[in-house]
Each structure stands twice: as structure tokens, then as C-alpha cells.
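A quick write-up on the structure given underneath.
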There are 2 protein chains.
Amino acid sequence: MTGTLTIAGIGPGDEAMVTPEVSAALAAATDIVGYAPYVARVRRRTGLALHPSDNRTELKRAGEALRLASEGRHVVVVSSGDPGVFAMAAAVCEQIESGPAAWRGLDLEIVPGVTAMLAVAARVGAPLGHDFCALSLSDNLKPWPVIERRLDAAAQAGFVIALYNPISRARPWQLPAALERLRRHLPATTPTVFGRAVGRADENIAVTTLQAADPAGADMATLVIVGSAETRLVPRPGHAPLVYTPRSASA
Amino acid sequence: MTGTLTIAGIGPGDEAMVTPEVSAALAAATDIVGYAPYVARVRRRTGLALHPSDNRTELKRAGEALRLASEGRHVVVVSSGDPGVFAMAAAVCEQIESGPAAWRGLDLEIVPGVTAMLAVAARVGAPLGHDFCALSLSDNLKPWPVIERRLDAAAQAGFVIALYNPISRARPWQLPAALERLRRHLPATTPTVFGRAVGRADENIAVTTLQAADPAGADMATLVIVGSAETRLVPRPGHAPLVYTPRSASA
């Protein structure tokens, strides 16, 4: 029996944002591997083994999934959002590169999903409507000066910036430091969006400015979007303001 | 009767990548507005009016959608991929800002989708597994020097680069110039991916290097991903090689 490994993006939380391709992969699985809160989103059924794990054990989790697949199981690794954006696909690739040669022969499929920045952007307008970047603020796996350099480069060159993993109990000062850094380059009025748990009961979206942005409003599940100097705020009577970045840019 | 305007992302082409939320919006629409090839992907039914339009008429198309909604219709603007990424959401926001005050009072919903870079990345591994940017190579709405500055900044700072709108009949030299520019900053062996029409019959994915990347392999529907200096290629016997960017980065 030949096993398979699928890495599927289950979106930011709302079942209505899970693609049919991902649902089909879940329906065909014998084993679900992933961070416990994501595994908990998969419907239980007879014959489906669940393998929830803790946060920050990505490589171990990837290895477990590869072992199960090499034993002939049909394994789905579930990732929040899209599996290729600050999620499990890279960890599985790392394990395939460094692991037993047989793992390179496994049938591997990666099924995309709606990543957090797209879901948050959709809630407020089109802040990613022009050139943008996605940057993880976690310095667990890269030195902080690299992050600073990327923040400087992105802001100076006019990219809108989506910040993943902005803050956690173990990383309390990185988001304040990043916002302070960006204030050197961008106007105080630059529209800034904090979004979390899009499509879930505890969804929270806040639109503010770079000057007023308060890191206390973010947690591990928050996605922060800092506009470019071109990003605009459009007030709407009776509706939340629109935040968007025009398709054109000046020199 | 109160109209509504929904801007929905129908993904890169495969029905299995269209979220249930988007399908529900299409099912509830009275009018579909969009670039003709995208409108053609919507199932026809009695009572559904289709309003296909040409490429490069985004503002006019957005205005048409807003007018129909203000007349009480339930309008869905269809965008390929995600509507917020180099697509119709920004054009609609621009029209809302500059148009009649009543347009600001309309019920507007943006429904995210799987944008091309996520679908292409999933086909080859996890090239967007670490910090990355998305950049349109079209200089119709921004000066070429702005694009050059962004290419330089992104490559020097270590972002993986996803290039949207890389080439067209009217813009033949921009992709060659961009690749040449990136070669100044990145190793010749940097993995580079050309992907088009993911999930469609004419899907084509090619993995090459920055040195060997040939613009002739791209057309208007191609999404190009140029790795960072950290992006890796993992050969796999019997399978296409994996391309991924490790989650860690050195200084």
C-alpha cells in the first residue's frame, strides 16, 4: 500500500472559506496531523486518526506526517490559512531534504488556501491592492537585524507590509519595535489594520493609523497590515471606512 | 430595493479551488460583472445577467458594477485569484472614493480567494515559505523606475519575489529587464518558477534557475516566482524537484 502526504490550507477559520479541494483531501484521509486547534476543526469520523500537536514543534510534526505516509497511510497535514505561507509546507520540505531518501519518493501534494492577509484585507477594502510584502516578525528562526533590514527596505521602497506572527507571550517587544521602525519611514497617518480570526465568532478587525497603532490590540492570531504612503482611507457614512492602496503609484 | 456589491475571487481556474463563500455569492447574484474570460467561468442561469468586458477597462467596469448595485441589483464582480491582489477590489475602491456620494453607502462585500502565487507555489513545494513580496511588472500605472527600485530593495533584503503581470504583447521588454536586474543581486542558481493556469487543462509549471529563466516561457497569465538566496531545490527521483524557502534565515 502506497501512502500519500497532503498539506492542506484550511483557511482562517470559516468553513465557507475552505476550498472543495481541501474538503475532498480531508474526506480521503486516514490520518490528520497538525497543531491541535487546527486538527480540532476537522470533522471526526470512524477510521480517521487524529494526531494533534503543540505549537512550535513544526519539524517534529512534519517528521511524524512523513513517517505515517511512508507506512502507507493517507496523511493530511492541516495548516491554518495557506500551507505555503509561514506554515507547514516549508517544514515538510525541510524534513524531506534532510530525512531518509525514501521520503523523496513519497506522493506529496500541497493544496492552497486563503491565507490570513487576504482574508483580513477583504474585510477592510483592498489594502493589498498594489505591491506588498509578507514578513514574519518571529525572530525564533532568523536574527532580529534581518527583520529590521526587511522592514526598512519594504517601507522605503513603497511596499504595503503584512506582518505575520506579530506578537506572542515569548515575543512581546518585536511588534512595538517594528511599528516604531516603520514610523521612521512612513507618514503618521498611514492606515494600519489589525485583523484576527476572520470568519470565526471571535473575529476582530480594527482600522487605525501607524501613529495610533497599539500593539496591545494584537495577539498570536493577529495579522497586521501597515499601508504604504499611497494607501488611502475612505470614510463611509453608516459603514466602516474603506482602506485601499490604489493601483497606480507615483515616482 | 437595496442593491449589493460583492467582489469575489474565483481562484486561478479550477472549480475545486473556489470557496463555498464565493459559490454562494454567485448563486445569489442578479448580475455578474467582469473581464470576459472570468465571467465565462460562471454557470449561466435564468435571471442572471452577464456583463463581460475587455481587459484594461477596470475603472469603467467598476463604475458599471457600482451603478447596477445603486439601482438595486445584486452584483458580483468576479476576479481571477483573489480580488484584493492586483485585481478588481482596488479599482472599485477608487471609484467609490471618486464617484457619487451615494456609492459610499452601498453594501459592499469582498470575498477572498486563492491568488495565483499561492496556487503556483503549492505546485512546486513552498517557495513562499519565508518572507516574500508580490510585485506587478506592469508599468501602465506606475513608472518603471519605481519597479526597478522595488526589485532592488526586495532582492537585496532577501524577500522571495512573486511577479504578477510579467509580460504582455504591449509590454514585451519588462520581464527580461526585471530578470536581468535581479541577476545583479541573486545567485545564478536561484530557483525560479514560471506557473500558469493552475488547475486548468492548459496548466503549465516550469522550474528553472534565475540564470536560465527565459521570458519566452511567460505570457499574460503567467506568475513568476524568483527565490531568495536561501531558496532551495530538492531533487526527487520519479517526481518533480521540490522548491522551497526554509523558515530560518541567516544574518
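Residue names in the C-alpha cells use chain letters A, B, ... in the order shown, residue numbers from 1 in each chain, and ligand numbers from 1 in the order shown.
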
May I have the residues within 7 Å of Ala62 of chain B as a CSV table (one decimal) with C-alpha atoms, in the first residue's frame, using only C-alpha atoms and disregarding those fewer than 4 positions away in the same chain?
```csv
chain,number,residue,atom,x,y,z
B,58,GLU,CA,-11.0,48.1,-14.8
B,66,LEU,CA,-21.5,50.3,-8.7
B,91,ALA,CA,-10.5,49.6,-8.8
B,92,VAL,CA,-13.9,49.5,-7.1
B,95,GLN,CA,-14.4,54.5,-8.0
```

Which residues, written as a ChimeraX atom specification, have at least one atom at most 12 Å from Ala134 of chain B, with only C-alpha atoms counted and residues fewer than 2 positions away on the same chain left out? /A:128-135,154,158-162 /B:85-86,115-118,128,131-132,136-137,147,150-151,154-155,159-166,223-226

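The protein and nucleic acid residues lying at most 9 Å from Leu141 of chain B are A:Arg247, A:Ser248, A:Ala249, A:Ser250, B:Ser138, B:Asp139, B:Pro143, with only C-alpha atoms considered and sequence neighbours fewer than 2 positions away removed.
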
Select from segment 78-187 of chain B every residue with an atom at most 9 Å from any atom of segment 18-29 of chain B, then for each give the shortest pair of atoms and their distance in Å to one decimal, using only C-alpha atoms, rows by chain and rising number, as a Markdown table.
```
| residue | atom | partner | partner_atom | distance |
| --- | --- | --- | --- | --- |
| B:Val78 | CA | B:Leu26 | CA | 8.9 |
| B:Val111 | CA | B:Val22 | CA | 6.5 |
| B:Pro112 | CA | B:Val22 | CA | 8.0 |
| B:Gly113 | CA | B:Thr19 | CA | 6.9 |
| B:Val114 | CA | B:Val18 | CA | 7.7 |
```

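The gap separating atom CA of Pro246 of chain B from atom CA of Trp173 of chain A is 24.3 Å, in Å to one decimal.
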
Within 9 Å of Gly195 of chain A, counting only C-alpha atoms, which residues qualify if same-chain residues fewer than 3 places away don't, as an mmCIF file with N, CA and C atoms, in the first residue's frame?
```
data_model
loop_
_atom_site.group_PDB
_atom_site.id
_atom_site.type_symbol
_atom_site.label_atom_id
_atom_site.label_comp_id
_atom_site.auth_asym_id
_atom_site.auth_seq_id
_atom_site.Cartn_x
_atom_site.Cartn_y
_atom_site.Cartn_z
ATOM 1 N N ALA A 116 -4.172 34.394 5.779
ATOM 2 C CA ALA A 116 -4.763 35.429 6.640
ATOM 3 C C ALA A 116 -4.755 36.821 6.027
ATOM 4 N N MET A 117 -3.662 37.199 5.362
ATOM 5 C CA MET A 117 -3.610 38.585 4.871
ATOM 6 C C MET A 117 -4.694 38.854 3.828
ATOM 7 N N ALA A 119 -7.689 37.393 3.763
ATOM 8 C CA ALA A 119 -8.973 37.455 4.469
ATOM 9 C C ALA A 119 -9.125 38.780 5.216
ATOM 10 N N VAL A 120 -8.065 39.218 5.864
ATOM 11 C CA VAL A 120 -8.118 40.493 6.595
ATOM 12 C C VAL A 120 -8.277 41.650 5.611
ATOM 13 N N ALA A 121 -7.514 41.614 4.536
ATOM 14 C CA ALA A 121 -7.602 42.678 3.528
ATOM 15 C C ALA A 121 -9.026 42.787 2.992
ATOM 16 N N ARG A 123 -11.780 42.198 4.389
ATOM 17 C CA ARG A 123 -12.714 42.777 5.361
ATOM 18 C C ARG A 123 -12.699 44.301 5.362
ATOM 19 N N VAL A 198 -10.670 35.858 11.207
ATOM 20 C CA VAL A 198 -11.685 36.214 10.214
ATOM 21 C C VAL A 198 -12.644 35.040 9.990
ATOM 22 N N GLU A 203 -13.986 36.976 15.651
ATOM 23 C CA GLU A 203 -13.373 37.868 14.665
ATOM 24 C C GLU A 203 -13.253 39.284 15.216
ATOM 25 N N ASN A 204 -12.126 39.906 14.947
ATOM 26 C CA ASN A 204 -11.938 41.283 15.363
ATOM 27 C C ASN A 204 -11.073 42.005 14.332
ATOM 28 N N ILE A 205 -11.612 43.089 13.791
ATOM 29 C CA ILE A 205 -10.897 43.875 12.783
ATOM 30 C C ILE A 205 -10.851 45.315 13.275
ATOM 31 N N ALA A 206 -9.668 45.889 13.331
ATOM 32 C CA ALA A 206 -9.550 47.281 13.762
ATOM 33 C C ALA A 206 -8.728 48.051 12.745
ATOM 34 N N VAL A 207 -9.246 49.209 12.348
ATOM 35 C CA VAL A 207 -8.526 50.093 11.425
ATOM 36 C C VAL A 207 -8.032 51.292 12.219
ATOM 37 N N ALA A 218 -2.979 43.362 19.591
ATOM 38 C CA ALA A 218 -2.610 42.188 18.783
ATOM 39 C C ALA A 218 -2.289 41.002 19.681
ATOM 40 N N ALA A 221 -2.685 35.399 17.052
ATOM 41 C CA ALA A 221 -3.526 35.089 15.895
ATOM 42 C C ALA A 221 -3.820 36.322 15.047
ATOM 43 N N THR A 222 -3.174 37.437 15.366
ATOM 44 C CA THR A 222 -3.457 38.685 14.649
ATOM 45 C C THR A 222 -2.559 38.821 13.421
ATOM 46 N N LEU A 223 -3.122 39.392 12.385
ATOM 47 C CA LEU A 223 -2.376 39.743 11.184
ATOM 48 C C LEU A 223 -2.425 41.258 11.091
ATOM 49 N N VAL A 224 -1.277 41.886 10.967
ATOM 50 C CA VAL A 224 -1.212 43.346 10.914
ATOM 51 C C VAL A 224 -0.847 43.767 9.485
ATOM 52 N N ILE A 225 -1.585 44.719 8.957
ATOM 53 C CA ILE A 225 -1.246 45.293 7.654
ATOM 54 C C ILE A 225 -0.916 46.769 7.854
#
```

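For segment 142-221 of chain B, a DSSP pass over the backbone yields strand (DSSP E) at Val160, Ile161, Ala162, Leu163, Tyr164, Pro191, Thr192, Val193, Phe194, Gly195, Arg196, Asn204, Ile205, Ala206, Val207, Thr208 and Thr209 of chain B.
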
Can you pull out every residue from segment 19-233 of chain B that DSSP, working from the backbone, puts in alpha helix (DSSP H), and format the result as a tab-separated table (two decimals) with C-alpha atoms, in the first residue's frame?
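Ended up saving to out13.tsv:
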```
chain	number	residue	atom	x	y	z
B	20	PRO	CA	-18.12	27.87	-0.84
B	21	GLU	CA	-18.46	31.53	0.16
B	22	VAL	CA	-17.73	32.60	-3.42
B	23	SER	CA	-20.08	29.95	-4.85
B	24	ALA	CA	-22.85	31.21	-2.55
B	25	ALA	CA	-22.27	34.79	-3.70
B	26	LEU	CA	-22.51	33.73	-7.35
B	27	ALA	CA	-25.71	31.79	-6.63
B	28	ALA	CA	-27.33	34.86	-5.04
B	36	ALA	CA	-14.94	38.28	-20.19
B	37	PRO	CA	-12.87	35.09	-19.57
B	38	TYR	CA	-13.73	35.23	-15.86
B	39	VAL	CA	-17.43	35.89	-16.48
B	58	GLU	CA	-11.04	48.12	-14.79
B	59	LEU	CA	-12.28	51.55	-13.74
B	60	LYS	CA	-15.12	51.58	-16.26
B	61	ARG	CA	-16.07	48.06	-15.18
B	62	ALA	CA	-16.02	49.07	-11.51
B	63	GLY	CA	-18.26	52.04	-12.29
B	64	GLU	CA	-20.71	49.80	-14.15
B	65	ALA	CA	-20.89	47.45	-11.16
B	66	LEU	CA	-21.47	50.33	-8.73
B	67	ARG	CA	-24.21	51.79	-10.94
B	68	LEU	CA	-26.01	48.46	-11.16
B	69	ALA	CA	-25.81	47.99	-7.38
B	70	SER	CA	-27.11	51.51	-6.77
B	88	MET	CA	-10.82	44.45	-9.06
B	89	ALA	CA	-11.18	45.36	-5.37
B	90	ALA	CA	-8.81	48.32	-5.61
B	91	ALA	CA	-10.48	49.59	-8.78
B	92	VAL	CA	-13.89	49.51	-7.08
B	93	CYS	CA	-12.48	51.35	-4.05
B	94	GLU	CA	-11.03	54.00	-6.36
B	95	GLN	CA	-14.43	54.51	-7.97
B	96	ILE	CA	-16.19	54.66	-4.60
B	97	GLU	CA	-13.77	57.36	-3.46
B	98	SER	CA	-14.14	59.49	-6.59
B	116	ALA	CA	-2.09	32.86	-8.28
B	117	MET	CA	1.14	32.94	-6.28
B	118	LEU	CA	-0.32	30.59	-3.66
B	119	ALA	CA	-1.53	28.13	-6.29
B	120	VAL	CA	1.75	28.16	-8.22
B	121	ALA	CA	3.79	27.85	-5.02
B	122	ALA	CA	1.72	24.85	-3.91
B	123	ARG	CA	2.51	23.05	-7.18
B	124	VAL	CA	6.28	23.13	-6.62
B	144	TRP	CA	9.35	51.75	-14.50
B	145	PRO	CA	11.97	53.25	-12.13
B	146	VAL	CA	9.60	52.56	-9.21
B	147	ILE	CA	9.50	48.91	-10.26
B	148	GLU	CA	13.29	48.77	-10.54
B	149	ARG	CA	13.66	50.28	-7.09
B	150	ARG	CA	11.28	47.70	-5.64
B	151	LEU	CA	13.05	44.82	-7.37
B	152	ASP	CA	16.39	46.01	-5.99
B	153	ALA	CA	15.03	46.51	-2.48
B	154	ALA	CA	13.26	43.15	-2.35
B	155	ALA	CA	16.18	41.14	-3.69
B	156	GLN	CA	18.76	42.89	-1.52
B	157	ALA	CA	16.68	42.45	1.63
B	174	GLN	CA	9.72	44.42	-18.82
B	175	LEU	CA	10.17	40.79	-17.76
B	176	PRO	CA	13.58	40.43	-19.45
B	177	ALA	CA	14.66	43.71	-17.83
B	178	ALA	CA	13.39	42.60	-14.41
B	179	LEU	CA	15.20	39.26	-14.58
B	180	GLU	CA	18.38	40.99	-15.68
B	181	ARG	CA	18.04	43.39	-12.75
B	182	LEU	CA	17.53	40.54	-10.27
B	183	ARG	CA	20.62	38.76	-11.63
```
